[in-house]
Amino acid sequence: MAAPGRDDVAGLVEQAREGRPRAVARLISLVEDESPLLREVSAALSPHTGTAHVVGLTGSPGVGKSTTTAALVAALRGRGHRVGVLAVDPTSPFSGGALLGDRIRMSDHATDDGVFIRSMASRGHLGGLSWATPQALRVLDAAGCDVVLLETVGVGQSEVEVSGLADTTLVLLAPGMGDGIQASKAGILEIGDVFVINKADRDGAQSTRRELRSVLGMAERAEGAWKPPIVMTVASRQEGLDDLVEQVDLHREHLRDSGELQLRRRDRLRREIRAIALESVRRRVGDLSGHAELDALAQDVLAGRTDPFSAADRVLSEL
Ligand code: GDP
């Protein structure tokens, strides 16, 4: 397929805003493949973003993230929301639906035009999640999604990254998974806006809840700060999802009313701009290998006329 030209980007964005799935998918591909049109896509999307509430799901593998994502889609669709799902695998080189192929429950939603489901691999991008994911979120936002669910699949230290991209972060726990350890792991307590004890049909759900409640109770919080609630779910049976959606709504209201939403989003954008700038510097410096000036600088260091740090400063000042 020929790459779309200038007018096509505007056309694609227009179609995506009308909610056409093919246009949404194409735009995400352009973003993911780092198309030369990426800048143009980003510029065309920007005026149409800021509406979607981004909900991140984190938790250990097997805790029920995929099942909860599917159950949340159903609950949100039941309320008439348009929903986007972005499943990001920071470790996989594959993408474009392969990851979601075996997620049978999601196929319930495959023919629903109010749901956009997309999986994305970060393909070893240096910036990983922090670089490509915000662009894809922007596409789904511009496509009119009221809520975008952001889930990471595969293993890795992606929990904290997810919370950096989300307005509301759900931390999932399950009984019998080494509760104390899961909760204290990798600062997961600090990033949770809503805690979900999934597999509440299993033994030990109540003791997991008690333990979590006491650990959360120890945290110091400022006056008027959000107190993360604990929701019990059986995602595989669609139980507890109304409660979960309600808590997400309450958190969203809190963010809006307290002004924290703007602060979080501004922080997120600062990180995104920084990631883009760093990547750009990295590439420009990388492009210098074999460059005559680099040879000359190396020769100067070799001859003792300068030192490597000063030489690197020269390289940076001339980018
Ligand atoms: P993920 O790795 O965190 O995405 O976890 P999955 O959503 O793939 O779920 C892992 C397993 O737990 C699957 O076999 C699910 O069917 C099962 N599961 C998910 N939610 C529940 C639940 O609420 N109760 C029970 N008993 N099993 C569940």
# chains A, B, ... in the order shown; residues from 1 in each chain; ligands from 1
$ residues_near_ligand --ligand "ligand 1" --cutoff "8 Å" --atoms "only C-alpha atoms and all ligand atoms" --output "MDAnalysis selection string"
chainID A and resid 59:69 153:154 198:202 233:237 239
$ residues_around --residues "Ala225 in chain A" --least-positions-apart "3" --cutoff "12 Å" --atoms "only C-alpha atoms" --output "list in words"
Asp193, Ala219, Glu220, Arg221, Ala222, Pro228, His251, His254, Leu255, Asp257, Ser258, Gly259 and Glu260 of chain A
$ select_by_dssp --residues "range 142-295 of chain A" --states "helix (DSSP H, G or I)" --output "ChimeraX atom specification"
/A:142,159-165,179-191,205-218,235-237,241-258,260-286,292-295
$ write_last_selection --atoms "C-alpha atoms" --output "compact mmCIF listing (two decimals), in the first residue's frame"
# COMPACT_ATOMS: atom_id res chain seq x y z
CA ALA A 142 -9.14 11.87 19.04
CA GLU A 159 3.91 -0.96 36.26
CA VAL A 160 5.31 2.40 37.09
CA GLU A 161 5.48 3.38 33.44
CA VAL A 162 1.77 2.63 33.05
CA SER A 163 0.91 4.83 35.99
CA GLY A 164 2.91 7.61 34.38
CA LEU A 165 0.65 7.47 31.33
CA ASP A 179 -0.05 -10.94 49.04
CA GLY A 180 2.31 -8.97 51.23
CA ILE A 181 5.01 -9.34 48.67
CA GLN A 182 2.87 -8.32 45.73
CA ALA A 183 1.62 -5.25 47.52
CA SER A 184 4.97 -3.97 48.60
CA LYS A 185 6.57 -4.70 45.26
CA ALA A 186 8.08 -1.92 43.18
CA GLY A 187 6.24 0.91 44.84
CA ILE A 188 2.92 -0.44 43.63
CA LEU A 189 1.13 0.96 46.66
CA GLU A 190 2.09 4.49 45.78
CA ILE A 191 0.85 4.30 42.21
CA ALA A 205 -9.76 -12.75 49.41
CA GLN A 206 -10.90 -11.23 52.70
CA SER A 207 -7.51 -11.57 54.34
CA THR A 208 -5.85 -9.99 51.30
CA ARG A 209 -8.28 -7.12 51.67
CA ARG A 210 -7.59 -6.74 55.39
CA GLU A 211 -3.85 -6.77 54.81
CA LEU A 212 -4.09 -4.24 52.01
CA ARG A 213 -6.39 -2.01 54.01
CA SER A 214 -4.00 -1.93 56.93
CA VAL A 215 -0.99 -1.19 54.70
CA LEU A 216 -2.89 1.58 52.89
CA GLY A 217 -4.06 2.94 56.23
CA MET A 218 -0.48 3.54 57.24
CA ALA A 235 -13.70 -10.51 36.58
CA SER A 236 -14.27 -13.91 35.00
CA ARG A 237 -17.93 -13.69 36.11
CA LEU A 241 -17.43 -4.32 37.77
CA ASP A 242 -20.15 -1.75 38.43
CA ASP A 243 -18.46 -0.91 41.69
CA LEU A 244 -15.12 -0.63 39.92
CA VAL A 245 -16.50 1.68 37.22
CA GLU A 246 -18.10 3.79 39.93
CA GLN A 247 -14.79 4.16 41.80
CA VAL A 248 -13.03 5.12 38.57
CA ASP A 249 -15.72 7.76 37.99
CA LEU A 250 -15.27 9.07 41.53
CA HIS A 251 -11.53 9.29 41.05
CA ARG A 252 -12.02 11.09 37.77
CA GLU A 253 -14.28 13.63 39.49
CA HIS A 254 -11.75 14.06 42.27
CA LEU A 255 -8.97 14.69 39.73
CA ARG A 256 -11.06 17.23 37.90
CA ASP A 257 -12.36 19.05 40.96
CA SER A 258 -8.99 19.23 42.69
CA GLU A 260 -4.90 17.35 39.83
CA LEU A 261 -5.97 16.16 36.39
CA GLN A 262 -4.26 19.11 34.75
CA LEU A 263 -1.18 18.62 36.90
CA ARG A 264 -0.93 14.94 36.06
CA ARG A 265 -1.42 15.58 32.38
CA ARG A 266 1.14 18.34 32.35
CA ASP A 267 3.66 16.06 34.04
CA ARG A 268 2.89 13.41 31.50
CA LEU A 269 3.49 15.82 28.65
CA ARG A 270 6.74 17.00 30.18
CA ARG A 271 7.95 13.41 30.21
CA GLU A 272 6.75 12.86 26.67
CA ILE A 273 8.47 15.97 25.32
CA ARG A 274 11.62 14.99 27.15
CA ALA A 275 11.48 11.45 25.74
CA ILE A 276 11.05 12.78 22.20
CA ALA A 277 13.89 15.25 22.64
CA LEU A 278 16.20 12.60 24.11
CA GLU A 279 15.42 10.22 21.29
CA SER A 280 16.07 12.93 18.76
CA VAL A 281 19.44 13.79 20.31
CA ARG A 282 20.33 10.12 20.51
CA ARG A 283 19.62 9.66 16.82
CA ARG A 284 21.46 12.76 15.73
CA VAL A 285 24.52 11.80 17.73
CA GLY A 286 24.21 8.24 16.43
CA ALA A 292 34.50 13.51 9.41
CA GLU A 293 34.20 15.87 12.35
CA LEU A 294 34.06 12.99 14.78
CA ASP A 295 37.28 11.68 13.26
